[in-house]
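Inspection log for the structure reproduced underneath, given as structure tokens.
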Amino acid sequence: MMPLIQLTSVKGSYGTISDGERSGSISSNLGMAQSREQLTMDNTKDNNSMFKRPRGCYLSQAKAFGLVLLAVGAVVAAVLLTYHWTTCEDGGPLSQKSGGGKGLAKADKLYVRLPTNVKPLYYKVDLIPYVEEAKNFTIDGKVWIDIECLQATHKVTIHIKNITVVEESVKIYEVDEAELSPSVTEAVESVSPKKHEYDVPREFYNMTLPKSLEAGKVYRIYIQFRALLADSLGGFYRSSYKDMAANVTRYLGTTQFQATDARKAFPCFDEPQLKARFEISLARRVNMSSISNMNLNRTEPVEGMEGWLWDHYNISVPMSTYLVAFVVSDFENRVANRSLSKPEFRVWARKEAIEQAEYARDIGPRILTFYETYFDIEFPLPKQDMIALPDFGAGAMENWGLITYRETAMLYDPKVSSDLSKLRVATVIAHELAHMWYGNLVTMAWWSDLWLNEGFASYVEYIGVNHVHPDWKILEQFVADEMQYVFSLDALDSSHPIYIPVGHPEEISEIFDGISYAKGASIIRMMNHFLTEDTFRTGLASYLKKWKFNNTVQDDLWESLTEAAHHQTSLDPAITVKEIMDTWTLQKGFPVVHVERNYDANEPTATFTQTKFQLIKNETLTQGEYSTYKWWIPISYASINFNANFNRTKPSFWIKASDKAVTKPIDTNKQDWIIVNVQETGFYRVNYDLKNWGLLINQLRSNASVIHPINRGQLMDDALNLARASLLPYDLAFNVTQYLKNEEEYLPWESFFNAFHFISTMMSKSSSYGTFKKYMRDLVHKEYTRLGYEQNESDSLLQRLHRTNVVSWACKVDHKGCLESTTTLFSEWMNSSSPNTENPIPTNLKKVTYCTAIKMGGEKEWNFLWQRYLDGNVGSEKSTILTSLSCSRETWILNRYLTWSITENSGIRKQDTSIVLRSMAATSVGNYLTFNFVRDKWAKLKEFLGDGLSSLGPIVKSIAARLNTRFELNEMQQLRDRYQGELGAATRAVDQGIETATIQIQWMEENYPTIASWLEKAIQVGGESTTTGNSEL
Ligand SMILES: [Zn+2]
């Protein structure tokens, strides 16, 4: 899945959680982490193996214990008895406390895993969805499920949520295993459950049978049910859109099952390791069409329902429930050029938007075909569909053979949308297609290993996009967009390890976060570089082949990579990939490597040590828990003498987790700099002795181009964040950034802007903000003048993105020329006779132009832009407008906008409510208004957003990102106290908001005076020219 929030757009604040307590040495730490993993595996992988080797029921053992109990009467035995009875009847242990570390899981959370006494083999699902108001959007459903009994049992437990079972219809009968086939026939002898129970908190439906199912036999369960196409964005739900030509609202039915919502569409064993084959049949009106994971087998009339047809789909490959999908709509489709991919590839959208699917139709099949070669495994399905939906909670979802997207993630109109939205479409498509292998073909055994899906898809998406657009240099952008972004998240105490035990659906939805995605991707990239490309790909291909149609835990991946690495001698035979990677996946956070050069020795050397990087000083943690955090760190470096082209990313040596310090000869001259972590391929920061920093600053000022652009970006990001963490004086970090006046490349600027965003946010309410703006105007002035406001057709993508960044910052800090250009163009647009079709603003500068015009303007400008939103037909444009409307500084306009965001039929879609609130919270005027609004309307917001969106968390984080006074911190704490117990999936966000605010208060106290006086001096030295706008603005 691709979350709604583009990771790249959320700087500096993201959800994190508290880790379990740790103590002792590194080895005992890892030992503990490993045992935690082991225990969790008992609940997942081991269950899996039980499926393969059915065992007898534990009942006999329980009886034996019963005898012991009679004889001894020991309490202990009674406990064991209970345990074994439960194991037999329910097939699973009683609680999930075996998870060990606290991690994400609240220790007292409900155990929600299914019993393991049966496993599903095959489902036939027949659905008649009434996608129409007249029938109240109801669904009539039938499901036949073939299950294999692994342990004799009287009770079958299956997942169900918001579904009404027609109890008298439920039957179970034995079928011949050999007959497993679509021919669903009624058996002569069937039994009906004697008891139906609904365990609502666990989302279970328990059927108690009059007689026991026998181990080793196959049974068929038949259930009729009724459900509702709710507008909840989860399960089988309804969506709608306005047919502008006919001026009517049209409805469609679509699905979103990940992580735990397949159970809302039909009763099923809704856990990822319970793979089965699915045969889907959908009824629809003749004027609609349907699609599902597989290709169509046949269509026939629905008996007794005139004007309705059944679409019967072929039986699927074995897959997890969360990947099942279907859509019933009146959408149009276009088939991709048949020469581009072996499977048939189609794109779908509403009729008025299908033209915007052309780009997806072009790159989709090309990326799919590329992956077949890259992974060395053919795509196993006969077809691939992609559909753009008007209402969609996430960004996109990788259902096998039927990928669903929100419109902004799949549709692109070159005349209207920016390059950034094209880039987004390309990366989301490449991400979802990568899941066809990572996630769909090989699936994590349980959600705790979610990062195996998401980390890989988030890394491979760059390789996929690079294949279709090599000129975009997207692999360079990885560093700023994924790694530097997630550093700020992972540096918090409330971060969590990549591998994290989760159970309850709320916990599962919480880990679709930056750690699983961006950190996961970053450590995979690190492996790619330290193992080398050849070993990496060989290892991955053998992993995929070994586990296809199956489930894995991370150790399975380490094993395949170790095998390839030892075979190709790219890793010391005494070391395994597991030993290295456990330090990156089982510990939260990441290291900073301290480099102390010895300038006096005859042979230049340097000493390397590591500590956990922390954003804020906390002696208790540093001396205690964190003192034991150690990683295996691959060290690569460059100097004038060695690796001067920065091409060698394979490590020269390692800092082992057990090393206290490593001293190595360094190939450089005493008077020359060294740079460690070439192309920033390792997931760590680097700090140097002050002399080396000085040498680097001199090099940047005299001729920056000898340093690789990625490493120039690294120096910006590391220097500013080391200063933020009190590991480097702020004035030195600012000195590093001063060379930027002469920098012309995208990446160093991008890294700087991202890191400086924090300082800008902190300063924005302070008395020195005017000085800050002057300093920034001066810094960007030269680039602003060089690049200009107009787009040049011959510019590369990076140049165009760079211009967007520079212009946005120039306007943000009230650069006079920028303010004039944007407001002039906006009024030109307002004066146009047909503003819906004619827009003079360059596509890449729409966001900054709209925002600036709204900021400077009043009601007239706001209403004009709002009307464009209502009339718009392009998703990305509408989303840009929604964000820009929050730039107003009129309190009443902002409050009206907030109210509209939770009002039905206001024009703002439910899926977009959080965009409004988050973007408003990110402005200085709107921040406090949003905070008030959220507190005031908490209940209404929760109800309005429903459970299809866990978007309250990101909203709270967006608010917290700007809080830096004790008063504000207090208010955030009050919010937590007041709603404790009903925060649900926002619990972690609120805790993290409190940590963020605390850190920011401390930061202000420690650094604000230094920064204010440095800026004051800098603008006096630098002077200022014609760049000043109205400083009152
Ligand atoms: Zn994904």
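Letters A, B, ... mark the chains of the structure tokens in the order given; residue numbers begin at 1 per chain; ligand numbers begin at 1, in order shown.
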
(request) Name each residue within 12 Å of ligand 1, counting only C-alpha atoms and all ligand atoms, as a ChimeraX atom specification. (result) /A:1-4,6-7,258-259,323,394-399,403-405,427-440,450-461,511-514,516-518,520-521

(request) Using DSSP on the backbone coordinates, identify all residues within region 279-408 of chain A classified as helix (DSSP H, G or I); present the result as a PyMOL selection string. (result) chain A and resi 321-323+351-375+407-408

So that I have them on file, write out the residues from the current selection with C-alpha atoms, as a JSON list (two decimals), in the first residue's frame.
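Saved file result-v5.json follows:
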[["chain", "number", "residue", "atom", "x", "y", "z"],
["A", 321, "THR", "CA", -7.10, -12.23, 1.67],
["A", 322, "TYR", "CA", -5.86, -8.63, 1.89],
["A", 323, "LEU", "CA", -4.98, -8.75, -1.82],
["A", 351, "LYS", "CA", -15.08, 8.68, -18.55],
["A", 352, "GLU", "CA", -14.21, 12.36, -18.10],
["A", 353, "ALA", "CA", -10.78, 11.51, -16.71],
["A", 354, "ILE", "CA", -9.71, 8.54, -18.86],
["A", 355, "GLU", "CA", -7.57, 10.82, -21.03],
["A", 356, "GLN", "CA", -5.43, 11.49, -17.95],
["A", 357, "ALA", "CA", -4.61, 7.77, -17.68],
["A", 358, "GLU", "CA", -2.45, 7.84, -20.82],
["A", 359, "TYR", "CA", 0.80, 8.27, -18.92],
["A", 360, "ALA", "CA", -0.02, 5.32, -16.62],
["A", 361, "ARG", "CA", -0.97, 3.25, -19.68],
["A", 362, "ASP", "CA", 2.44, 3.96, -21.14],
["A", 363, "ILE", "CA", 4.77, 3.38, -18.20],
["A", 364, "GLY", "CA", 2.78, 0.68, -16.34],
["A", 365, "PRO", "CA", 3.41, -2.21, -18.75],
["A", 366, "ARG", "CA", 6.99, -1.12, -19.34],
["A", 367, "ILE", "CA", 7.79, -1.20, -15.62],
["A", 368, "LEU", "CA", 6.02, -4.56, -15.25],
["A", 369, "THR", "CA", 8.11, -6.06, -18.05],
["A", 370, "PHE", "CA", 11.29, -4.56, -16.60],
["A", 371, "TYR", "CA", 10.58, -6.15, -13.19],
["A", 372, "GLU", "CA", 10.16, -9.57, -14.80],
["A", 373, "THR", "CA", 13.78, -9.30, -15.90],
["A", 374, "TYR", "CA", 15.01, -7.55, -12.77],
["A", 375, "PHE", "CA", 13.49, -10.15, -10.42],
["A", 407, "GLU", "CA", -6.86, 9.79, -8.76],
["A", 408, "THR", "CA", -3.84, 11.93, -7.87]]

(request) Find the residues near Arg909 (chain A): any atom within 12 Å, counting only C-alpha atoms, skip ones fewer than 3 places away on the same chain, and give them as a ChimeraX atom specification. (result) /A:231-233,239-242,390-393,406,869-870,875,878-879,882,900-906,912-916,944-945

(message) Using only C-alpha atoms for the distances, tell me which of A:Thr837, A:Trp310, A:Ser281, A:Arg777 is nearest to Cys818 (chain A).
(response)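 Comparing A:Thr837, A:Trp310, A:Ser281, A:Arg777 against Cys818 (chain A), the winner is A:Arg777.
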
(request) Find the residue from A:Ala541, A:Leu722, A:His594, A:Trp472 that sits nearest to Asp419 (chain A); use only C-alpha atoms when measuring. (result)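 Using only C-alpha atoms, the shortest distance to Asp419 (chain A) belongs to A:Trp472.
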
(request) Excluding region 756-770 of chain A and residues on its chain fewer than 5 positions from it, collect all residues at most 10 Å away from it, counting only C-alpha atoms, and give them as a PyMOL selection string. (result) chain A and resi 11-13+716-717+720-721+724+750-751+775-776+809+813-814+922-925+961-964+1000-1001+1003-1004+1008-1009+1011-1013+1015-1016+1031-1033

(message) Excluding Ile955 (chain A) and its own-chain neighbours fewer than 3 positions away, which residues fall within 7 Å of it when counting only C-alpha atoms? Please give them as a ChimeraX atom specification.
(response) /A:914,917-918,951-952,958-959

What would the file look like if the residues just selected were written as a PDB file, in the first residue's frame with N, CA, C and O atoms?
ATOM      1  N   SER A 914      -8.358  15.347   5.739  1.00  0.00           N
ATOM      2  CA  SER A 914      -7.084  15.455   6.450  1.00  0.00           C
ATOM      3  C   SER A 914      -6.085  16.326   5.689  1.00  0.00           C
ATOM      4  O   SER A 914      -5.200  16.913   6.289  1.00  0.00           O
ATOM      5  N   LEU A 917      -6.867  19.861   6.959  1.00  0.00           N
ATOM      6  CA  LEU A 917      -6.430  20.107   8.329  1.00  0.00           C
ATOM      7  C   LEU A 917      -4.898  20.099   8.455  1.00  0.00           C
ATOM      8  O   LEU A 917      -4.329  20.924   9.160  1.00  0.00           O
ATOM      9  N   ARG A 918      -4.273  19.169   7.761  1.00  0.00           N
ATOM     10  CA  ARG A 918      -2.811  19.089   7.878  1.00  0.00           C
ATOM     11  C   ARG A 918      -2.145  20.311   7.265  1.00  0.00           C
ATOM     12  O   ARG A 918      -1.185  20.855   7.799  1.00  0.00           O
ATOM     13  N   SER A 951      -6.614   9.013   9.981  1.00  0.00           N
ATOM     14  CA  SER A 951      -5.908  10.240   9.619  1.00  0.00           C
ATOM     15  C   SER A 951      -5.805  11.241  10.763  1.00  0.00           C
ATOM     16  O   SER A 951      -5.172  12.267  10.607  1.00  0.00           O
ATOM     17  N   LEU A 952      -6.424  10.931  11.896  1.00  0.00           N
ATOM     18  CA  LEU A 952      -6.287  11.867  13.011  1.00  0.00           C
ATOM     19  C   LEU A 952      -4.831  11.984  13.456  1.00  0.00           C
ATOM     20  O   LEU A 952      -4.366  13.062  13.822  1.00  0.00           O
ATOM     21  N   SER A 958       0.974  17.078  12.564  1.00  0.00           N
ATOM     22  CA  SER A 958       1.160  18.326  11.838  1.00  0.00           C
ATOM     23  C   SER A 958       1.009  19.521  12.786  1.00  0.00           C
ATOM     24  O   SER A 958       1.736  20.520  12.681  1.00  0.00           O
ATOM     25  N   ILE A 959       0.085  19.423  13.709  1.00  0.00           N
ATOM     26  CA  ILE A 959      -0.089  20.496  14.705  1.00  0.00           C
ATOM     27  C   ILE A 959       1.152  20.579  15.602  1.00  0.00           C
ATOM     28  O   ILE A 959       1.728  21.650  15.812  1.00  0.00           O
TER      29      ILE A 959
END

(request) Apply DSSP to the backbone of this structure and, from region 390-615 of chain A, keep only the residues in strand (DSSP E); write these as an MDAnalysis selection string. (result) chainID A and resid 396:397 402:406 442:444 550:552 591:598 605:612

(request) Tell me which of A:Ser495, A:Thr843, A:Gln980, A:Ser702 sits closest to Gln992 (chain A), counting only C-alpha atoms. (result) A:Ser495

Show me, as a tab-separated table, the residues of region 391-503 of chain A having an atom within 12 Å of region 725-741 of chain A, each with the closest atom pair and its distance in Å, using only C-alpha atoms.
residue	atom	partner	partner_atom	distance
A:Ser488	CA	A:Ala725	CA	10.8
A:Ala491	CA	A:Ala725	CA	9.6
A:Leu492	CA	A:Ala725	CA	11.0

Next, dump the selected residues to file, keeping only all heavy atoms, as a compact mmCIF listing (two decimals), in the first residue's frame.
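Everything below was put into part34.txt:
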# COMPACT_ATOMS: atom_id res chain seq x y z
N SER A 488 15.04 12.07 10.63
CA SER A 488 14.48 12.95 11.65
C SER A 488 13.41 12.23 12.47
O SER A 488 13.18 12.54 13.63
CB SER A 488 13.91 14.21 11.01
OG SER A 488 12.85 13.87 10.17
N ALA A 491 15.23 9.48 14.85
CA ALA A 491 16.11 10.00 15.89
C ALA A 491 15.35 10.27 17.18
O ALA A 491 15.95 10.63 18.19
CB ALA A 491 16.78 11.28 15.41
N LEU A 492 14.03 10.11 17.15
CA LEU A 492 13.24 10.38 18.35
C LEU A 492 13.26 9.16 19.29
O LEU A 492 13.34 8.02 18.84
CB LEU A 492 11.78 10.67 17.96
CG LEU A 492 11.54 11.93 17.13
CD1 LEU A 492 10.10 12.00 16.68
CD2 LEU A 492 11.91 13.17 17.94

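Distances here use only C-alpha atoms; by that measure, the residue among A:Ile881, A:Val465, A:Leu696, A:Leu309 closest to Trp866 (chain A) is A:Ile881.
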
(request) Find the residue from A:Ile163, A:Val780, A:Met920, A:Ile221 that sits nearest to Asp261 (chain A); use only C-alpha atoms when measuring. (result)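 Of all the options, A:Ile163 lies closest to Asp261 (chain A).
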
(message) Need to verify the contact set: Gly307 (chain A), 12 Å, only C-alpha atoms, exclusion of same-chain residues closer than 5 positions in sequence. Can you return it as a list of chain:residue names?
(response) A:Ala283, A:Arg284, A:Arg285, A:Val286, A:Asn287, A:Met288, A:Glu300, A:Pro301, A:Val302

(request) Work out how far CA of Val248 (chain A) is from CA of Asn333 (chain A), in Å to one decimal. (result)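 Here the two named atoms are 20.8 Å from each other.
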
(request) Please measure the separation of CA of Asp718 (chain A) and CA of Asp689 (chain A), giving the value in Å to one decimal. (result)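 Distance reported for this atom pair: 13.7 Å.
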
(request) Name all residues at most 8 Å from Lys612 (chain A) (count only C-alpha atoms; drop same-chain ones fewer than 5 positions away) and give them as a ChimeraX atom specification. (result) /A:589-592,626-627,629-630

Based on the selection just made, write all heavy atoms of those residues as a compact mmCIF listing (two decimals), in the first residue's frame.
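So the final result, stored in selection.txt, reads:
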# COMPACT_ATOMS: atom_id res chain seq x y z
N GLY A 589 16.40 3.56 15.82
CA GLY A 589 17.44 4.58 15.68
C GLY A 589 18.55 4.18 14.73
O GLY A 589 18.47 3.19 14.02
N PHE A 590 19.60 4.99 14.75
CA PHE A 590 20.74 4.79 13.84
C PHE A 590 21.95 5.49 14.46
O PHE A 590 21.79 6.34 15.35
CB PHE A 590 20.43 5.36 12.45
CG PHE A 590 20.09 6.81 12.48
CD1 PHE A 590 21.07 7.79 12.30
CD2 PHE A 590 18.78 7.24 12.73
CE1 PHE A 590 20.76 9.14 12.36
CE2 PHE A 590 18.46 8.59 12.79
CZ PHE A 590 19.45 9.54 12.60
N PRO A 591 23.15 5.15 13.99
CA PRO A 591 24.34 5.72 14.63
C PRO A 591 24.83 7.00 13.97
O PRO A 591 24.51 7.30 12.83
CB PRO A 591 25.39 4.62 14.42
CG PRO A 591 24.97 3.91 13.17
CD PRO A 591 23.48 4.05 13.06
N VAL A 592 25.59 7.76 14.76
CA VAL A 592 26.44 8.79 14.17
C VAL A 592 27.87 8.27 14.32
O VAL A 592 28.24 7.78 15.39
CB VAL A 592 26.22 10.17 14.84
CG1 VAL A 592 26.33 10.12 16.35
CG2 VAL A 592 27.23 11.19 14.30
N TYR A 626 20.86 3.68 25.88
CA TYR A 626 21.42 3.90 24.55
C TYR A 626 22.91 3.58 24.47
O TYR A 626 23.46 3.44 23.39
CB TYR A 626 21.17 5.33 24.09
CG TYR A 626 19.71 5.63 23.78
CD1 TYR A 626 19.24 6.93 23.71
CD2 TYR A 626 18.81 4.58 23.56
CE1 TYR A 626 17.90 7.20 23.43
CE2 TYR A 626 17.47 4.85 23.29
CZ TYR A 626 17.02 6.15 23.24
OH TYR A 626 15.71 6.42 22.96
N SER A 627 23.59 3.50 25.62
CA SER A 627 25.03 3.21 25.57
C SER A 627 25.27 1.82 25.00
O SER A 627 26.36 1.50 24.56
CB SER A 627 25.63 3.34 26.96
OG SER A 627 25.11 2.32 27.79
N TYR A 629 23.48 0.50 22.45
CA TYR A 629 23.05 0.42 21.06
C TYR A 629 24.28 0.48 20.15
O TYR A 629 24.98 1.49 20.12
CB TYR A 629 22.14 1.61 20.72
CG TYR A 629 20.69 1.42 21.09
CD1 TYR A 629 20.33 1.02 22.36
CD2 TYR A 629 19.68 1.65 20.15
CE1 TYR A 629 18.99 0.85 22.70
CE2 TYR A 629 18.34 1.50 20.48
CZ TYR A 629 18.00 1.10 21.76
OH TYR A 629 16.68 0.96 22.09
N LYS A 630 24.52 -0.60 19.43
CA LYS A 630 25.66 -0.62 18.50
C LYS A 630 25.23 -1.27 17.19
O LYS A 630 24.40 -2.18 17.18
CB LYS A 630 26.83 -1.42 19.09
CG LYS A 630 27.38 -0.88 20.41
CD LYS A 630 28.13 0.44 20.24
CE LYS A 630 28.48 1.01 21.61
NZ LYS A 630 28.64 2.44 21.63
